[in-house]
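What follows is one structure encoded as structure tokens, with my remarks underneath.
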Amino acid sequence: MTPTEPTPPLVQVEDLSVYFDAGRAGFWGQERLKVHAVEGVNLEIRAGETLGLVGESGSGKSTTGRAILRRVPVSSGRIWFRGKEITHAGREEIRGLSRHMQLVFQDPYASLNPRLKIIDIVAEPLIVHGLVKNLHEAAAPVARLLARVGLPADAGARYPHAFSGGQRQRIGIARALALKPEFIVADEPVSALDVSIRAQVVNLLQDLQAEYDLAYLFIAHDLAVVRHISHRIAIMYAGKIVEIAGRDQIYDAPVHPYTEALLSAVPVPDPPVQRARRRIAYSGEAPDPLHPPVGCRFQSRCPLVSQQCREKTPPLAERQSGQWAACWNR
Amino acid sequence: MRAAATNTPLLEVEDLQVHFYTRAGVVQGARGVSFQVGYGETLGIVGESGSGKSVSVQAVMGLIHTPGRIEGGDIRYKGRSLLDAAGRNYVRRVRGKEISMIFQDPMTSLNPVFTVGTQITEVLRHHLGMDRAAARRRAVELLDLVEINAPTKRLKQYPHELSGGMRQRVMIAIGLACEPELLIADEPTTALDVTIQAQILELLADLQRRLRLSVILITHDLGVVAELCHRVAVMYAGRIVEVGAADTLFADPIHPYTQGLLNATPRLDAVSERMVSIDGVPPDLIDPPRGCAFSPRCAHARKGCAQRQALTPLSDGRHVCCWCAVNDHITGATPQ
Amino acid sequence: MTQSIQLETALTDRRHEWLAKLRELGRELWRDKAGLIGVVLMTALVLMALVAPWIAPHDPAEQDLTARLRPPVWYEKGTWDHVFGTDHLGRDVLSRAIHGARVSLLVGLLVVVLAGGFGVVMGLMAGYLGGRMDAFVMRWIDTQVAFPGLLLALIILAVIGPSLTTVVVVLSLNGWMVYGRMTRGAVLAVRQTPYVEAAEIVGCRWPRIIFRHILPNLTSPLLTLAILEFARIVLAEAALSFLGLGIQPPATSWGLDVAVGKNYMFMAWWLVTIPGTAIAITVLAINLVASWMRLISDPQEREKQFARHMTRRLRSKVGQRRKLSAGQEAIK
């Protein structure tokens, strides 16, 4: 959060807001509707680091990732990559950025073109950036990539439907790795996978990080998987970061009530322990993104809510070294 | 519980075989699935995609359509077969009334063009023959039962006006409309956020106790099972590999797949740098292995695993489908 | 390095795959009798049109005023020389029907290619580029759809004068909007898919995304639409020719023949019936082919079809079922 560090972070986001146009309301269309997807997000990611970004549906976590990749228009705020501002990068500049930052998708089925062979899919980034001239030249690097992500050598000759979800996710990772990026946004890369396969993919991502000094923005909808891969974790709620801290701080000493709720919501696969756990199942629903409330966004579900929470938005303030939280009452 | 008195379980599924005829070959979705559900009991069926967990309960609900076909086995509800010729009429009376089902995605199972109220009263009037006013009163009661606030207001709303958690509550209300004895919940919380999932699980546990329901809960998440279920069946590649009381099964898993699944489930109460995975991928159900389907991924696989062994009963009501683990368990050795 | 060699051999090994796919397609066609009839009729019609000059017994324009209005062969006065009789100028009806297929199919093909090509390009641009382009194309389509097509065709033909080329141009101008609309809709749907986003993130420029990632997904719905449009064009050409604004004598066309024959309907019914039947058969065959194509281009429908066939076979072959269950016993 302080831009005066000795080496600039790989990715730096300052006061990022993204609003989507949602048409007009009112009889004459006098009221412009805006979806407040992301509001005032600050974060930074260093080379070789994983920042876990956790939030439920509609919290703006995916939008944040896509804003950094410059896939959605930024409404306000600034984004730097390797010390260079990319907030207003043009079409060709964004295309150039694709050599440095990539995306791994959530859905391993829909993210691979069913009509292309695996070699076509993995070679595509190399071809469109002119790193190889044709498929024949691409065969060697593609085979290396496929082997690196743990797929059989003849996988390239087959079509996506011949592979299971976990294998397809490996193909997606190989495609993202083809351009040797420094930064990968992993948008819930294991949520769609079976439990026994999940760990394989997370471990693969960890190994690749160590090998290529990759930085990840690892997006997840609960706190179960991110613990293993993240160095730091940011918690988002209704478009805002409510807490950001080192991994162990989040799990051992959460500050924000929402972080606590998230932690207690993940069931433990051990019946006596689970029965004994104190469940914080706060009732209520997330606020309407078209009309977010004044003040803290979590006020409708928070047990600690006070008058101040309904009037003023709590700032993200440092509580302990490296642990920031946005709450008036903690 | 009533189970002791009658001695017939509420639902028995025996050696169920379901095949799917696809152009790539015959997919064996369920390969001899047997389980029972007692009165007032919650059975969790855990398995990964393609393990046959959903297929098994779809067969109970009569939801196997082309290209699927039930090729063998029997399903008995209160001792009467639902599959034989005489069972057809019986089935029509029972399904949707005494046995009801809730699905993963409440948005697709609710009709977007009708209000919530219309959809609940429709069920009541169709199955129970209630008149409009009585059905309306009962609908309000039902919404109250699933802890939806301002039920009279909600009745006038359309599904898209409700949040995901609220929609799933409405689905549960519809499922409970005819006061069923058996409620089948197929991944009821998978599409929901974790904090909402917690609310729904709490509600299901509460309803089960209050209404003395029998519940079959299908899920891929062992944590969800631990929360709700009395007994647990673990499925792999179209078969049940281990079944037993929840507490003992989680404390002392015997089948290597159950052990692997438990280890692979990330836990918040234990720290480890690396996640534990099960190597390999589930087998192709078009041409499943002759012996133990898990043996290609199993760290303890031996030569004999090529021959299949049936679900072997152990002392505490547990059944395990792995001869190595069973032998080791009886002799007291831990399979390492 | 060995990995890449393995990959390359695997790539070559897989080249014969399309043959197997074709064989399977043939098997499925054999099972779907309606589709089979459609394909056979269509092939026959196309062949007939291709070799018309060699199989037609007479020159279609050859007049023989001594042999006017001869009835077909099964009438007392009929002769084998004119199987379907002759018209008021003594021209052979069968030969005219055979040659008429050429015009109908040619016009159909040309119009489908022209209108389809233009419509798809406009639809792709509107759908992918969006914004002003989209608004412009869509308003253009709306305006043209709102204007009665036949009226426009008649005006143009009346001003420019009828000929084969004008008929093709007029029908193309009238028929491209369906393709445009459908393509745009499909593009908007496919654009949302993660694999198109993946292609964009990887750095593909828009022509590559359109032609490599979006267009291939449109082939099967577009093909079905094109075949149905083909049937419509055959009818439209017949209608224009019937009205005298299409194909001009001495060229032949089914529609033209019906128009001429209508004056002799009560004396010589075959003059209207033979070309009329040709039109009907052609349109029927095209529709059968189209509905079969729609079926096989939908993977889900294709699977269902296959499963129905399999279960039917299982039910009829009780012996085989026993064998199957015996096999399962053996496994246990």
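The way I read the labels, and the way they are meant: chains A, B, ... in the order of the structure tokens, residue 1 as the first residue of every chain, and ligand 1 as the first ligand shown, with later ones counted on from there.
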Where does chain A meet chain B within 6 Å, residue by residue, with the nearest atom pair and distance in Å to one decimal for each, counting only C-alpha atoms, listed by chain and rising number, as a Markdown table?
```
| residue | atom | partner | partner_atom | distance |
| --- | --- | --- | --- | --- |
| A:Glu56 | CA | B:Asp193 | CA | 5.7 |
| A:Asp194 | CA | B:Glu48 | CA | 5.7 |
| A:Ser196 | CA | B:Ile278 | CA | 5.3 |
| A:Ala199 | CA | B:Ser277 | CA | 4.7 |
| A:Gln200 | CA | B:Ser277 | CA | 5.4 |
| A:Ala224 | CA | B:Pro266 | CA | 5.6 |
| A:His228 | CA | B:Glu273 | CA | 5.6 |
| A:Ala265 | CA | B:Thr195 | CA | 5.4 |
| A:Pro267 | CA | B:Gly223 | CA | 4.6 |
| A:Val268 | CA | B:Gly223 | CA | 4.9 |
| A:Pro269 | CA | B:Gly223 | CA | 4.0 |
| A:Asp270 | CA | B:Ala226 | CA | 5.7 |
| A:Pro271 | CA | B:Ala226 | CA | 4.5 |
| A:Ala281 | CA | B:Gln199 | CA | 5.7 |
```
Can you check which parts of chain B lie within 12 Å of chain C? Per residue, the shortest pair of atoms and distance in Å to one decimal, counting only C-alpha atoms, sorted by chain and number, as a tab-separated table.
```
residue	atom	partner	partner_atom	distance
B:Asp15	CA	C:Lys332	CA	11.5
B:Gln17	CA	C:Gln328	CA	10.2
B:His19	CA	C:Thr311	CA	10.4
B:Phe20	CA	C:Ala307	CA	7.7
B:Tyr21	CA	C:Ala307	CA	5.0
B:Thr22	CA	C:Glu303	CA	5.9
B:Arg23	CA	C:Glu303	CA	6.3
B:Ala24	CA	C:Glu303	CA	9.4
B:Gly25	CA	C:Ala307	CA	10.1
B:Val26	CA	C:Ala307	CA	9.5
B:Val27	CA	C:Ala307	CA	11.3
B:Gln28	CA	C:Gln328	CA	11.4
B:Arg31	CA	C:Gln328	CA	9.6
B:Gly32	CA	C:Lys332	CA	9.9
B:His65	CA	C:Lys304	CA	9.6
B:Thr66	CA	C:Lys304	CA	6.3
B:Pro67	CA	C:Ala307	CA	4.7
B:Gly68	CA	C:Ala307	CA	7.8
B:Arg69	CA	C:Thr311	CA	8.1
B:Ile70	CA	C:Thr311	CA	11.0
B:Glu71	CA	C:Ser325	CA	8.7
B:Gly72	CA	C:Ser325	CA	8.6
B:Gly73	CA	C:Ser325	CA	11.3
B:Pro288	CA	C:Ile331	CA	11.1
B:Pro289	CA	C:Ile331	CA	10.2
B:Arg290	CA	C:Ile331	CA	6.8
B:Gly291	CA	C:Ile331	CA	8.5
B:Cys292	CA	C:Lys332	CA	11.3
B:Ala306	CA	C:Ile331	CA	11.0
B:Gln307	CA	C:Lys332	CA	8.8
B:Arg308	CA	C:Lys332	CA	7.0
B:Gln309	CA	C:Lys332	CA	8.2
B:Ala310	CA	C:Lys332	CA	8.2
B:Leu311	CA	C:Lys332	CA	11.7
```
Task: Among the residues C:Trp80, C:Tyr195, C:Trp54, C:Phe118, the one that comes closest to chain A [using only C-alpha atoms] - done: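 Smallest separation from chain A among the options: C:Tyr195.
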Task: Residues of chain A within 8 Å of chain C, only C-alpha atoms counted, as an MDAnalysis selection string - done: chainID A and resid 95:96 98:99 102:103 105 107 110:113 115 124:125 128:129 139:144 147 153:157 176
TODO: Using only C-alpha atoms, determine which residues lie at most 7 Å from Pro9 (chain B), disregarding the query and same-chain residues fewer than 5 positions distant; provide the list as number ranges by chain.
DONE: B: 3, 36-39, 78
TODO: Please provide as a list in words all residues within 10 Å of Asp222 (chain A), with the sequence filter that same-chain residues fewer than 2 positions apart are discarded (counting only C-alpha atoms).
DONE: Leu53, Val54, Gly55, Glu56, Glu188, Ser191, Ile219, Ala220, Ala224, Val225, Val226, Arg227, Ile235, Leu262, Leu263, Ala265 and Val266 of chain A; Asp193, Val194 and Thr195 of chain B
Quick one: DSSP strand (DSSP E) residues in region 11-211 of chain B, as a PDB file with N, CA and C atoms, in the first residue's frame?
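Just written: out_13.pdb:
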```pdb
ATOM      1  N   LEU B  11     -36.381 -47.736   2.922  1.00  0.00           N
ATOM      2  CA  LEU B  11     -36.002 -47.880   1.512  1.00  0.00           C
ATOM      3  C   LEU B  11     -34.845 -48.862   1.412  1.00  0.00           C
ATOM      4  N   GLU B  12     -34.991 -49.792   0.495  1.00  0.00           N
ATOM      5  CA  GLU B  12     -33.896 -50.722   0.235  1.00  0.00           C
ATOM      6  C   GLU B  12     -33.550 -50.665  -1.243  1.00  0.00           C
ATOM      7  N   VAL B  13     -32.298 -50.488  -1.542  1.00  0.00           N
ATOM      8  CA  VAL B  13     -31.835 -50.575  -2.920  1.00  0.00           C
ATOM      9  C   VAL B  13     -30.906 -51.763  -2.975  1.00  0.00           C
ATOM     10  N   GLU B  14     -31.172 -52.661  -3.927  1.00  0.00           N
ATOM     11  CA  GLU B  14     -30.411 -53.899  -3.928  1.00  0.00           C
ATOM     12  C   GLU B  14     -29.822 -54.163  -5.303  1.00  0.00           C
ATOM     13  N   ASP B  15     -28.537 -54.242  -5.359  1.00  0.00           N
ATOM     14  CA  ASP B  15     -27.804 -54.641  -6.560  1.00  0.00           C
ATOM     15  C   ASP B  15     -28.265 -53.865  -7.803  1.00  0.00           C
ATOM     16  N   LEU B  16     -28.438 -52.575  -7.636  1.00  0.00           N
ATOM     17  CA  LEU B  16     -28.951 -51.738  -8.727  1.00  0.00           C
ATOM     18  C   LEU B  16     -27.920 -51.591  -9.849  1.00  0.00           C
ATOM     19  N   GLN B  17     -28.376 -51.853 -11.058  1.00  0.00           N
ATOM     20  CA  GLN B  17     -27.507 -51.695 -12.225  1.00  0.00           C
ATOM     21  C   GLN B  17     -28.165 -50.693 -13.168  1.00  0.00           C
ATOM     22  N   VAL B  18     -27.456 -49.639 -13.499  1.00  0.00           N
ATOM     23  CA  VAL B  18     -27.991 -48.686 -14.474  1.00  0.00           C
ATOM     24  C   VAL B  18     -26.967 -48.511 -15.584  1.00  0.00           C
ATOM     25  N   HIS B  19     -27.442 -48.679 -16.809  1.00  0.00           N
ATOM     26  CA  HIS B  19     -26.548 -48.506 -17.959  1.00  0.00           C
ATOM     27  C   HIS B  19     -27.003 -47.315 -18.792  1.00  0.00           C
ATOM     28  N   PHE B  20     -26.014 -46.641 -19.383  1.00  0.00           N
ATOM     29  CA  PHE B  20     -26.323 -45.553 -20.304  1.00  0.00           C
ATOM     30  C   PHE B  20     -25.787 -45.927 -21.680  1.00  0.00           C
ATOM     31  N   TYR B  21     -26.682 -45.914 -22.650  1.00  0.00           N
ATOM     32  CA  TYR B  21     -26.253 -46.321 -23.992  1.00  0.00           C
ATOM     33  C   TYR B  21     -25.781 -45.108 -24.770  1.00  0.00           C
ATOM     34  N   THR B  22     -24.491 -44.913 -24.854  1.00  0.00           N
ATOM     35  CA  THR B  22     -23.951 -43.780 -25.594  1.00  0.00           C
ATOM     36  C   THR B  22     -23.248 -44.310 -26.834  1.00  0.00           C
ATOM     37  N   GLY B  25     -20.103 -46.148 -26.234  1.00  0.00           N
ATOM     38  CA  GLY B  25     -20.184 -47.459 -25.609  1.00  0.00           C
ATOM     39  C   GLY B  25     -21.185 -47.433 -24.472  1.00  0.00           C
ATOM     40  N   VAL B  26     -21.359 -48.587 -23.810  1.00  0.00           N
ATOM     41  CA  VAL B  26     -22.319 -48.670 -22.714  1.00  0.00           C
ATOM     42  C   VAL B  26     -21.644 -48.204 -21.429  1.00  0.00           C
ATOM     43  N   VAL B  27     -22.123 -47.088 -20.895  1.00  0.00           N
ATOM     44  CA  VAL B  27     -21.556 -46.566 -19.655  1.00  0.00           C
ATOM     45  C   VAL B  27     -22.295 -47.201 -18.487  1.00  0.00           C
ATOM     46  N   GLN B  28     -21.539 -47.852 -17.611  1.00  0.00           N
ATOM     47  CA  GLN B  28     -22.164 -48.510 -16.470  1.00  0.00           C
ATOM     48  C   GLN B  28     -22.202 -47.528 -15.307  1.00  0.00           C
ATOM     49  N   GLY B  29     -23.316 -46.817 -15.207  1.00  0.00           N
ATOM     50  CA  GLY B  29     -23.435 -45.746 -14.224  1.00  0.00           C
ATOM     51  C   GLY B  29     -23.506 -46.271 -12.807  1.00  0.00           C
ATOM     52  N   ALA B  30     -24.293 -47.305 -12.593  1.00  0.00           N
ATOM     53  CA  ALA B  30     -24.351 -47.958 -11.280  1.00  0.00           C
ATOM     54  C   ALA B  30     -24.068 -49.434 -11.513  1.00  0.00           C
ATOM     55  N   ARG B  31     -23.117 -49.979 -10.758  1.00  0.00           N
ATOM     56  CA  ARG B  31     -22.715 -51.355 -11.004  1.00  0.00           C
ATOM     57  C   ARG B  31     -22.957 -52.187  -9.747  1.00  0.00           C
ATOM     58  N   GLY B  32     -24.214 -52.412  -9.428  1.00  0.00           N
ATOM     59  CA  GLY B  32     -24.508 -53.221  -8.254  1.00  0.00           C
ATOM     60  C   GLY B  32     -24.479 -52.399  -6.982  1.00  0.00           C
ATOM     61  N   VAL B  33     -25.348 -51.380  -6.900  1.00  0.00           N
ATOM     62  CA  VAL B  33     -25.393 -50.526  -5.717  1.00  0.00           C
ATOM     63  C   VAL B  33     -26.454 -51.057  -4.755  1.00  0.00           C
ATOM     64  N   SER B  34     -26.080 -51.263  -3.518  1.00  0.00           N
ATOM     65  CA  SER B  34     -27.030 -51.692  -2.498  1.00  0.00           C
ATOM     66  C   SER B  34     -26.898 -50.787  -1.284  1.00  0.00           C
ATOM     67  N   PHE B  35     -28.030 -50.273  -0.813  1.00  0.00           N
ATOM     68  CA  PHE B  35     -28.011 -49.534   0.459  1.00  0.00           C
ATOM     69  C   PHE B  35     -29.412 -49.515   1.040  1.00  0.00           C
ATOM     70  N   GLN B  36     -29.488 -49.138   2.294  1.00  0.00           N
ATOM     71  CA  GLN B  36     -30.778 -49.074   2.967  1.00  0.00           C
ATOM     72  C   GLN B  36     -30.876 -47.753   3.707  1.00  0.00           C
ATOM     73  N   VAL B  37     -32.106 -47.290   3.844  1.00  0.00           N
ATOM     74  CA  VAL B  37     -32.334 -46.107   4.658  1.00  0.00           C
ATOM     75  C   VAL B  37     -33.397 -46.455   5.676  1.00  0.00           C
ATOM     76  N   THR B  42     -30.611 -40.290   8.522  1.00  0.00           N
ATOM     77  CA  THR B  42     -30.011 -39.524   7.432  1.00  0.00           C
ATOM     78  C   THR B  42     -28.825 -40.306   6.890  1.00  0.00           C
ATOM     79  N   LEU B  43     -28.945 -40.665   5.617  1.00  0.00           N
ATOM     80  CA  LEU B  43     -27.842 -41.376   4.970  1.00  0.00           C
ATOM     81  C   LEU B  43     -27.139 -40.415   4.027  1.00  0.00           C
ATOM     82  N   GLY B  44     -25.834 -40.301   4.155  1.00  0.00           N
ATOM     83  CA  GLY B  44     -25.073 -39.483   3.230  1.00  0.00           C
ATOM     84  C   GLY B  44     -24.445 -40.372   2.174  1.00  0.00           C
ATOM     85  N   ILE B  45     -24.599 -40.006   0.915  1.00  0.00           N
ATOM     86  CA  ILE B  45     -23.889 -40.737  -0.142  1.00  0.00           C
ATOM     87  C   ILE B  45     -22.848 -39.783  -0.716  1.00  0.00           C
ATOM     88  N   VAL B  46     -21.596 -40.140  -0.529  1.00  0.00           N
ATOM     89  CA  VAL B  46     -20.499 -39.277  -0.944  1.00  0.00           C
ATOM     90  C   VAL B  46     -19.805 -39.887  -2.142  1.00  0.00           C
ATOM     91  N   GLY B  68     -30.417 -43.659 -20.508  1.00  0.00           N
ATOM     92  CA  GLY B  68     -30.198 -44.540 -19.367  1.00  0.00           C
ATOM     93  C   GLY B  68     -31.264 -45.611 -19.262  1.00  0.00           C
ATOM     94  N   ARG B  69     -30.932 -46.698 -18.594  1.00  0.00           N
ATOM     95  CA  ARG B  69     -31.881 -47.785 -18.446  1.00  0.00           C
ATOM     96  C   ARG B  69     -31.499 -48.594 -17.211  1.00  0.00           C
ATOM     97  N   ILE B  70     -32.483 -48.929 -16.384  1.00  0.00           N
ATOM     98  CA  ILE B  70     -32.206 -49.789 -15.235  1.00  0.00           C
ATOM     99  C   ILE B  70     -32.113 -51.220 -15.752  1.00  0.00           C
ATOM    100  N   GLU B  71     -30.972 -51.838 -15.549  1.00  0.00           N
ATOM    101  CA  GLU B  71     -30.744 -53.156 -16.148  1.00  0.00           C
ATOM    102  C   GLU B  71     -30.820 -54.278 -15.132  1.00  0.00           C
ATOM    103  N   GLY B  72     -30.898 -53.953 -13.872  1.00  0.00           N
ATOM    104  CA  GLY B  72     -30.961 -55.045 -12.908  1.00  0.00           C
ATOM    105  C   GLY B  72     -31.086 -54.502 -11.505  1.00  0.00           C
ATOM    106  N   GLY B  73     -31.400 -55.413 -10.574  1.00  0.00           N
ATOM    107  CA  GLY B  73     -31.518 -55.036  -9.182  1.00  0.00           C
ATOM    108  C   GLY B  73     -32.943 -54.657  -8.828  1.00  0.00           C
ATOM    109  N   ASP B  74     -33.129 -54.219  -7.608  1.00  0.00           N
ATOM    110  CA  ASP B  74     -34.471 -53.923  -7.138  1.00  0.00           C
ATOM    111  C   ASP B  74     -34.424 -52.710  -6.208  1.00  0.00           C
ATOM    112  N   ILE B  75     -35.527 -51.970  -6.191  1.00  0.00           N
ATOM    113  CA  ILE B  75     -35.684 -50.864  -5.245  1.00  0.00           C
ATOM    114  C   ILE B  75     -36.978 -51.123  -4.490  1.00  0.00           C
ATOM    115  N   ARG B  76     -36.901 -51.256  -3.173  1.00  0.00           N
ATOM    116  CA  ARG B  76     -38.116 -51.515  -2.390  1.00  0.00           C
ATOM    117  C   ARG B  76     -38.358 -50.362  -1.429  1.00  0.00           C
ATOM    118  N   TYR B  77     -39.605 -49.875  -1.448  1.00  0.00           N
ATOM    119  CA  TYR B  77     -40.004 -48.837  -0.504  1.00  0.00           C
ATOM    120  C   TYR B  77     -41.016 -49.453   0.443  1.00  0.00           C
ATOM    121  N   ARG B  80     -42.067 -52.905  -0.592  1.00  0.00           N
ATOM    122  CA  ARG B  80     -42.688 -53.171  -1.898  1.00  0.00           C
ATOM    123  C   ARG B  80     -41.798 -52.663  -3.023  1.00  0.00           C
ATOM    124  N   SER B  81     -41.672 -53.496  -4.039  1.00  0.00           N
ATOM    125  CA  SER B  81     -40.787 -53.142  -5.144  1.00  0.00           C
ATOM    126  C   SER B  81     -41.359 -51.988  -5.950  1.00  0.00           C
ATOM    127  N   ILE B  99     -42.056 -39.829  -1.162  1.00  0.00           N
ATOM    128  CA  ILE B  99     -40.633 -39.597  -1.422  1.00  0.00           C
ATOM    129  C   ILE B  99     -40.534 -38.329  -2.247  1.00  0.00           C
ATOM    130  N   SER B 100     -39.794 -37.338  -1.767  1.00  0.00           N
ATOM    131  CA  SER B 100     -39.631 -36.156  -2.604  1.00  0.00           C
ATOM    132  C   SER B 100     -38.155 -35.806  -2.712  1.00  0.00           C
ATOM    133  N   MET B 101     -37.859 -34.943  -3.666  1.00  0.00           N
ATOM    134  CA  MET B 101     -36.463 -34.702  -3.980  1.00  0.00           C
ATOM    135  C   MET B 101     -36.206 -33.204  -4.154  1.00  0.00           C
ATOM    136  N   ILE B 102     -35.057 -32.751  -3.670  1.00  0.00           N
ATOM    137  CA  ILE B 102     -34.628 -31.391  -3.989  1.00  0.00           C
ATOM    138  C   ILE B 102     -33.303 -31.442  -4.724  1.00  0.00           C
ATOM    139  N   LEU B 182     -39.543 -39.646   3.129  1.00  0.00           N
ATOM    140  CA  LEU B 182     -38.151 -39.685   2.671  1.00  0.00           C
ATOM    141  C   LEU B 182     -37.874 -38.467   1.801  1.00  0.00           C
ATOM    142  N   LEU B 183     -36.856 -37.729   2.177  1.00  0.00           N
ATOM    143  CA  LEU B 183     -36.457 -36.567   1.388  1.00  0.00           C
ATOM    144  C   LEU B 183     -35.088 -36.846   0.786  1.00  0.00           C
ATOM    145  N   ILE B 184     -35.002 -36.752  -0.536  1.00  0.00           N
ATOM    146  CA  ILE B 184     -33.711 -36.966  -1.192  1.00  0.00           C
ATOM    147  C   ILE B 184     -33.169 -35.600  -1.588  1.00  0.00           C
ATOM    148  N   ALA B 185     -31.980 -35.288  -1.108  1.00  0.00           N
ATOM    149  CA  ALA B 185     -31.382 -33.987  -1.418  1.00  0.00           C
ATOM    150  C   ALA B 185     -30.127 -34.231  -2.244  1.00  0.00           C
ATOM    151  N   ASP B 186     -30.186 -33.842  -3.527  1.00  0.00           N
ATOM    152  CA  ASP B 186     -29.065 -34.090  -4.433  1.00  0.00           C
ATOM    153  C   ASP B 186     -28.196 -32.838  -4.502  1.00  0.00           C
TER     154      ASP B 186
END
```
TODO: Between C:Leu94, C:Leu150, C:Leu50, C:Leu288, single out the one closest to Asp257 (chain C), counting only C-alpha atoms.
DONE: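 Distance minimum relative to Asp257 (chain C) lands on C:Leu94.
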Task: Distance query region 95-102 of chain C at most 6 Å, only C-alpha atoms, self and fewer than 6 positions along chain excluded, as an MDAnalysis selection string - done: chainID C and resid 49 52 56 58 60 252:254 275
Restrict the selected residues to all heavy atoms and save them as an mmCIF file, in the first residue's frame.
```cif
data_model
loop_
_atom_site.group_PDB
_atom_site.id
_atom_site.type_symbol
_atom_site.label_atom_id
_atom_site.label_comp_id
_atom_site.auth_asym_id
_atom_site.auth_seq_id
_atom_site.Cartn_x
_atom_site.Cartn_y
_atom_site.Cartn_z
ATOM 1 N N ALA C 49 -29.741 -33.507 -62.656
ATOM 2 C CA ALA C 49 -29.472 -32.173 -63.181
ATOM 3 C C ALA C 49 -28.116 -32.121 -63.872
ATOM 4 O O ALA C 49 -27.960 -31.486 -64.918
ATOM 5 C CB ALA C 49 -29.527 -31.159 -62.042
ATOM 6 N N ALA C 52 -28.264 -34.072 -67.292
ATOM 7 C CA ALA C 52 -29.517 -33.875 -68.023
ATOM 8 C C ALA C 52 -29.395 -34.038 -69.548
ATOM 9 O O ALA C 52 -30.193 -34.758 -70.150
ATOM 10 C CB ALA C 52 -30.106 -32.522 -67.659
ATOM 11 N N ALA C 56 -31.857 -37.032 -70.998
ATOM 12 C CA ALA C 56 -33.146 -36.573 -71.517
ATOM 13 C C ALA C 56 -33.344 -37.136 -72.913
ATOM 14 O O ALA C 56 -32.455 -37.047 -73.761
ATOM 15 C CB ALA C 56 -33.184 -35.053 -71.546
ATOM 16 N N HIS C 58 -35.232 -36.104 -75.356
ATOM 17 C CA HIS C 58 -35.373 -35.102 -76.422
ATOM 18 C C HIS C 58 -34.709 -33.810 -75.999
ATOM 19 O O HIS C 58 -34.482 -33.584 -74.811
ATOM 20 C CB HIS C 58 -36.852 -34.811 -76.699
ATOM 21 C CG HIS C 58 -37.603 -35.992 -77.208
ATOM 22 N ND1 HIS C 58 -37.688 -36.333 -78.539
ATOM 23 C CD2 HIS C 58 -38.293 -36.950 -76.542
ATOM 24 C CE1 HIS C 58 -38.394 -37.420 -78.674
ATOM 25 N NE2 HIS C 58 -38.777 -37.831 -77.473
ATOM 26 N N PRO C 60 -35.221 -30.262 -74.898
ATOM 27 C CA PRO C 60 -36.426 -29.722 -74.246
ATOM 28 C C PRO C 60 -37.079 -28.614 -75.047
ATOM 29 O O PRO C 60 -38.256 -28.325 -74.864
ATOM 30 C CB PRO C 60 -35.882 -29.204 -72.913
ATOM 31 C CG PRO C 60 -34.425 -28.980 -73.136
ATOM 32 C CD PRO C 60 -33.998 -30.033 -74.113
ATOM 33 N N THR C 252 -35.855 -23.578 -69.833
ATOM 34 C CA THR C 252 -36.935 -24.286 -69.150
ATOM 35 C C THR C 252 -36.827 -24.102 -67.656
ATOM 36 O O THR C 252 -35.747 -23.902 -67.121
ATOM 37 C CB THR C 252 -36.873 -25.798 -69.438
ATOM 38 O OG1 THR C 252 -35.571 -26.243 -69.087
ATOM 39 C CG2 THR C 252 -37.179 -26.109 -70.852
ATOM 40 N N SER C 253 -37.975 -24.176 -67.020
ATOM 41 C CA SER C 253 -38.018 -24.123 -65.564
ATOM 42 C C SER C 253 -39.333 -24.745 -65.155
ATOM 43 O O SER C 253 -40.323 -24.635 -65.870
ATOM 44 C CB SER C 253 -37.929 -22.675 -65.106
ATOM 45 O OG SER C 253 -38.557 -22.527 -63.868
ATOM 46 N N TRP C 254 -39.336 -25.402 -64.000
ATOM 47 C CA TRP C 254 -40.568 -26.059 -63.563
ATOM 48 C C TRP C 254 -41.695 -25.048 -63.398
ATOM 49 O O TRP C 254 -42.828 -25.297 -63.770
ATOM 50 C CB TRP C 254 -40.331 -26.794 -62.236
ATOM 51 C CG TRP C 254 -39.410 -27.985 -62.377
ATOM 52 C CD1 TRP C 254 -39.216 -28.712 -63.499
ATOM 53 C CD2 TRP C 254 -38.588 -28.552 -61.366
ATOM 54 N NE1 TRP C 254 -38.316 -29.724 -63.260
ATOM 55 C CE2 TRP C 254 -37.907 -29.650 -61.946
ATOM 56 C CE3 TRP C 254 -38.339 -28.249 -60.024
ATOM 57 C CZ2 TRP C 254 -37.022 -30.438 -61.235
ATOM 58 C CZ3 TRP C 254 -37.465 -29.049 -59.322
ATOM 59 C CH2 TRP C 254 -36.801 -30.129 -59.918
ATOM 60 N N PRO C 275 -44.300 -31.139 -63.792
ATOM 61 C CA PRO C 275 -43.361 -30.185 -63.160
ATOM 62 C C PRO C 275 -43.747 -29.858 -61.724
ATOM 63 O O PRO C 275 -42.884 -29.677 -60.863
ATOM 64 C CB PRO C 275 -43.443 -28.934 -64.044
ATOM 65 C CG PRO C 275 -44.649 -29.111 -64.883
ATOM 66 C CD PRO C 275 -44.938 -30.560 -64.980
#
```
